[in-house]
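Here is the structure we will look at.
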Amino acid sequence: MPPHVDQNYIRADTHAAANARLVDYQQRIGITELWGDGLVASVDGLRFRVPVQSVHAAPSPRFFGYKRGITWLNAVNDRFAGLGAIIITGTVRDSLYILDTLLNLDAGPKPEMVATDTASYSDIVFGLFRLLGYRFSPRIADVGGTGFWRADIPGRAAGDYGPLNAIARNKVNLERIITHWPDMLRVAGSLITNQVRAYDLLRMLTRDGHPTPLGQALAEYGRIAKTLHLLAMVDPVDPVDETYRRTVTRQLNIGESRHSLARKILHGHRGDIMQPYRTGQDDQLGALGLVLNAVVLFNTRYIDLAVTALRAQGYQVRDEDAARLSPLGYAHINMLGRYTFPAPSSAQQLRSLRDPDAGVG
């Protein structure tokens, strides 16, 4: 890469702008409507060693051996598009970093449902996600070990939850939520405007492991959202006739498949991050996210073209089958060597599709 390009064009804001263009284009391709509505997302971390001396890396023998490393926490939606990412020093597992990621997306519509692995979570975390309009959906390893809560309105007879009465013995303190509601809205405003980071906010809401009065109110609010999440994980079916738990699992699988592609692309220096400073790490992993979205866009465009061509030729391609296609395949992509990008003679110029009746050759 010419030095002037690296110095003047490779930075966080240009990566974000380019990602926004790629995501917007990909979302307008017809087949993505079969994959999802773009309102379900997952956030997961991909870990990288940093073999050079850096204060922006931390040790973790389990993942980095004798080296130090970082975690690239990135968001991807149900249409396989990468929406944004942040870098975390070391391997900290905290769901509030997930919230920080969601509040700093590069592109795409705001997700409504956010699937995660069993990262550390708390009632306050559920409350913050709910307050900001997200449905926090962690894959909890031990559902039976968590508590279910009921919300009985003060001054009225206790509600009858039928067979759930036996497990919903804990009561949410609605009065505490009502008392602190104005302050809870101010907290939401501070997070949205980036006046405070979610991770730092949690430290302010808990003192020596004990929540402040405002933290207690957020915890009460979060218990409502957590109980709804637990009930959905245990049983019910959503309006599109797909279980909630299956939706969470599918979205997490998309994130894992995207990480596999990222590992394949970032083959230089055996996948290590060689930049000692945060700016350089942001640039390197920002470029990785951009290339990932470019591959997803390329594959999506040709999958859509192939499905359209097959249907035009009389082949029966059912929507439920096309919905299971993935643009994260990479067997056809050459990961090595140099690349040239000549300007096409036409803006709509595409490669010819292989004849499915001609066999592989």
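Ligands are numbered from 1 in the order shown, residues from 1 within each chain, and chains are lettered A, B, ... in the order they appear in the structure tokens.
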
Skip Tyr161 in chain A itself and residues of its chain fewer than 5 positions away, then list as a ChimeraX atom specification all residues within 12 Å of it, counting only C-alpha atoms.
/A:148-152,166-169

Using only C-alpha atoms, find each residue of range 63-128 of chain A with at least one atom at most 9 Å away from an atom of range 261-280 of chain A; report its shortest atom-to-atom pair and that distance in Å (one decimal), sort the rows by chain and rising residue number, and return the result as a tab-separated table.
```
residue	atom	partner	partner_atom	distance
A:Gly69	CA	A:Ile273	CA	8.3
A:Ile70	CA	A:Ile273	CA	8.6
A:Ile87	CA	A:Arg278	CA	8.3
```

Near range 76-78 of chain A, counting only C-alpha atoms, which residues have an atom at most 6 Å away, once you skip same-chain residues fewer than 2 positions from it, shown as a list in words?
Gly36, Gly38, Val40, Ala41, Ser42, Phe80, Ala81, Gly82 and Leu83 of chain A

Preceding selection exported with N, CA, C and O atoms as a PDB file, in the first residue's frame:
```pdb
ATOM      1  N   GLY A  36     -33.263 -12.608   7.196  1.00  0.00           N
ATOM      2  CA  GLY A  36     -33.706 -11.905   8.394  1.00  0.00           C
ATOM      3  C   GLY A  36     -34.092 -10.483   8.064  1.00  0.00           C
ATOM      4  O   GLY A  36     -33.980 -10.045   6.912  1.00  0.00           O
ATOM      5  N   GLY A  38     -32.729  -7.879   9.718  1.00  0.00           N
ATOM      6  CA  GLY A  38     -31.642  -6.995  10.130  1.00  0.00           C
ATOM      7  C   GLY A  38     -31.777  -6.445  11.527  1.00  0.00           C
ATOM      8  O   GLY A  38     -30.938  -5.658  11.966  1.00  0.00           O
ATOM      9  N   VAL A  40     -32.017  -8.433  14.329  1.00  0.00           N
ATOM     10  CA  VAL A  40     -31.420  -9.366  15.281  1.00  0.00           C
ATOM     11  C   VAL A  40     -29.909  -9.317  15.088  1.00  0.00           C
ATOM     12  O   VAL A  40     -29.424  -9.366  13.958  1.00  0.00           O
ATOM     13  N   ALA A  41     -29.181  -9.192  16.165  1.00  0.00           N
ATOM     14  CA  ALA A  41     -27.725  -9.115  16.082  1.00  0.00           C
ATOM     15  C   ALA A  41     -27.105  -9.940  17.197  1.00  0.00           C
ATOM     16  O   ALA A  41     -27.767 -10.296  18.174  1.00  0.00           O
ATOM     17  N   SER A  42     -25.835 -10.256  17.014  1.00  0.00           N
ATOM     18  CA  SER A  42     -25.063 -10.906  18.074  1.00  0.00           C
ATOM     19  C   SER A  42     -23.755 -10.157  18.228  1.00  0.00           C
ATOM     20  O   SER A  42     -23.259  -9.532  17.286  1.00  0.00           O
ATOM     21  N   PHE A  80     -25.857 -11.255   8.143  1.00  0.00           N
ATOM     22  CA  PHE A  80     -24.422 -11.566   8.056  1.00  0.00           C
ATOM     23  C   PHE A  80     -23.540 -10.330   7.906  1.00  0.00           C
ATOM     24  O   PHE A  80     -22.346 -10.459   7.643  1.00  0.00           O
ATOM     25  N   ALA A  81     -24.083  -9.145   8.079  1.00  0.00           N
ATOM     26  CA  ALA A  81     -23.290  -7.924   7.911  1.00  0.00           C
ATOM     27  C   ALA A  81     -22.661  -7.509   9.234  1.00  0.00           C
ATOM     28  O   ALA A  81     -23.331  -7.503  10.270  1.00  0.00           O
ATOM     29  N   GLY A  82     -21.379  -7.156   9.202  1.00  0.00           N
ATOM     30  CA  GLY A  82     -20.705  -6.634  10.380  1.00  0.00           C
ATOM     31  C   GLY A  82     -21.079  -5.181  10.604  1.00  0.00           C
ATOM     32  O   GLY A  82     -20.912  -4.344   9.715  1.00  0.00           O
ATOM     33  N   LEU A  83     -21.592  -4.865  11.783  1.00  0.00           N
ATOM     34  CA  LEU A  83     -22.123  -3.534  12.054  1.00  0.00           C
ATOM     35  C   LEU A  83     -21.139  -2.613  12.755  1.00  0.00           C
ATOM     36  O   LEU A  83     -21.284  -1.397  12.707  1.00  0.00           O
TER      37      LEU A  83
END
```

May I have a table of the residues of range 24-89 of chain A lying at most 8 Å from range 323-337 of chain A, giving each one's closest pair of atoms and their distance in Å to one decimal, counting only C-alpha atoms, ordered by chain and ascending residue number, as JSON lines?
```
{"residue": "A:Ile31", "atom": "CA", "partner": "A:Ala323", "partner_atom": "CA", "distance": 7.9}
{"residue": "A:Leu34", "atom": "CA", "partner": "A:Ala323", "partner_atom": "CA", "distance": 4.9}
{"residue": "A:Trp35", "atom": "CA", "partner": "A:Ala323", "partner_atom": "CA", "distance": 5.2}
{"residue": "A:Phe80", "atom": "CA", "partner": "A:Pro327", "partner_atom": "CA", "distance": 7.3}
```

For the residues in that selection, give me all heavy atoms as a PDB file, in the first residue's frame.
```pdb
ATOM      1  N   ILE A  31     -32.119 -11.337  -1.695  1.00  0.00           N
ATOM      2  CA  ILE A  31     -32.082 -12.592  -0.938  1.00  0.00           C
ATOM      3  C   ILE A  31     -31.895 -12.357   0.554  1.00  0.00           C
ATOM      4  O   ILE A  31     -32.253 -13.215   1.377  1.00  0.00           O
ATOM      5  CB  ILE A  31     -30.981 -13.526  -1.473  1.00  0.00           C
ATOM      6  CG1 ILE A  31     -31.243 -14.959  -0.999  1.00  0.00           C
ATOM      7  CG2 ILE A  31     -29.592 -13.033  -1.066  1.00  0.00           C
ATOM      8  CD1 ILE A  31     -30.397 -15.998  -1.683  1.00  0.00           C
ATOM      9  N   LEU A  34     -34.714 -13.064   3.007  1.00  0.00           N
ATOM     10  CA  LEU A  34     -34.972 -14.435   3.465  1.00  0.00           C
ATOM     11  C   LEU A  34     -34.111 -14.788   4.669  1.00  0.00           C
ATOM     12  O   LEU A  34     -34.441 -15.722   5.415  1.00  0.00           O
ATOM     13  CB  LEU A  34     -34.711 -15.431   2.323  1.00  0.00           C
ATOM     14  CG  LEU A  34     -35.543 -15.256   1.054  1.00  0.00           C
ATOM     15  CD1 LEU A  34     -35.105 -16.272  -0.004  1.00  0.00           C
ATOM     16  CD2 LEU A  34     -37.025 -15.408   1.357  1.00  0.00           C
ATOM     17  N   TRP A  35     -33.025 -14.071   4.881  1.00  0.00           N
ATOM     18  CA  TRP A  35     -32.116 -14.374   5.995  1.00  0.00           C
ATOM     19  C   TRP A  35     -32.552 -13.704   7.284  1.00  0.00           C
ATOM     20  O   TRP A  35     -32.231 -14.176   8.374  1.00  0.00           O
ATOM     21  CB  TRP A  35     -30.691 -13.944   5.631  1.00  0.00           C
ATOM     22  CG  TRP A  35     -30.123 -14.712   4.475  1.00  0.00           C
ATOM     23  CD1 TRP A  35     -30.551 -15.926   4.015  1.00  0.00           C
ATOM     24  CD2 TRP A  35     -29.036 -14.324   3.630  1.00  0.00           C
ATOM     25  NE1 TRP A  35     -29.800 -16.312   2.928  1.00  0.00           N
ATOM     26  CE2 TRP A  35     -28.867 -15.354   2.665  1.00  0.00           C
ATOM     27  CE3 TRP A  35     -28.203 -13.218   3.579  1.00  0.00           C
ATOM     28  CZ2 TRP A  35     -27.886 -15.300   1.676  1.00  0.00           C
ATOM     29  CZ3 TRP A  35     -27.228 -13.165   2.598  1.00  0.00           C
ATOM     30  CH2 TRP A  35     -27.059 -14.201   1.671  1.00  0.00           C
ATOM     31  N   PHE A  80     -25.857 -11.255   8.143  1.00  0.00           N
ATOM     32  CA  PHE A  80     -24.422 -11.566   8.056  1.00  0.00           C
ATOM     33  C   PHE A  80     -23.540 -10.330   7.906  1.00  0.00           C
ATOM     34  O   PHE A  80     -22.346 -10.459   7.643  1.00  0.00           O
ATOM     35  CB  PHE A  80     -24.133 -12.528   6.898  1.00  0.00           C
ATOM     36  CG  PHE A  80     -24.854 -13.837   6.983  1.00  0.00           C
ATOM     37  CD1 PHE A  80     -26.126 -13.980   6.452  1.00  0.00           C
ATOM     38  CD2 PHE A  80     -24.275 -14.943   7.591  1.00  0.00           C
ATOM     39  CE1 PHE A  80     -26.798 -15.191   6.520  1.00  0.00           C
ATOM     40  CE2 PHE A  80     -24.941 -16.160   7.674  1.00  0.00           C
ATOM     41  CZ  PHE A  80     -26.212 -16.281   7.139  1.00  0.00           C
TER      42      PHE A  80
END
```

Which parts of range 61-221 of chain A does DSSP call alpha helix (DSSP H) when run on the backbone here, written out as number ranges by chain?
A: 61-64, 95-102, 123-131, 174-192, 198-205, 213-221

Could you give me, as an MDAnalysis selection string, the residues within 9 Å of range 14-16 of chain A, counting only C-alpha atoms and dropping anything in the same chain fewer than 2 positions from it?
chainID A and resid 9:12 18:21 84 105:107 283 286:287 289:290

Min atom-atom distance to Pro138 in chain A from the set A:Leu73, A:Leu185, A:Leu164, A:Ala232, counting only C-alpha atoms, belongs to A:Ala232
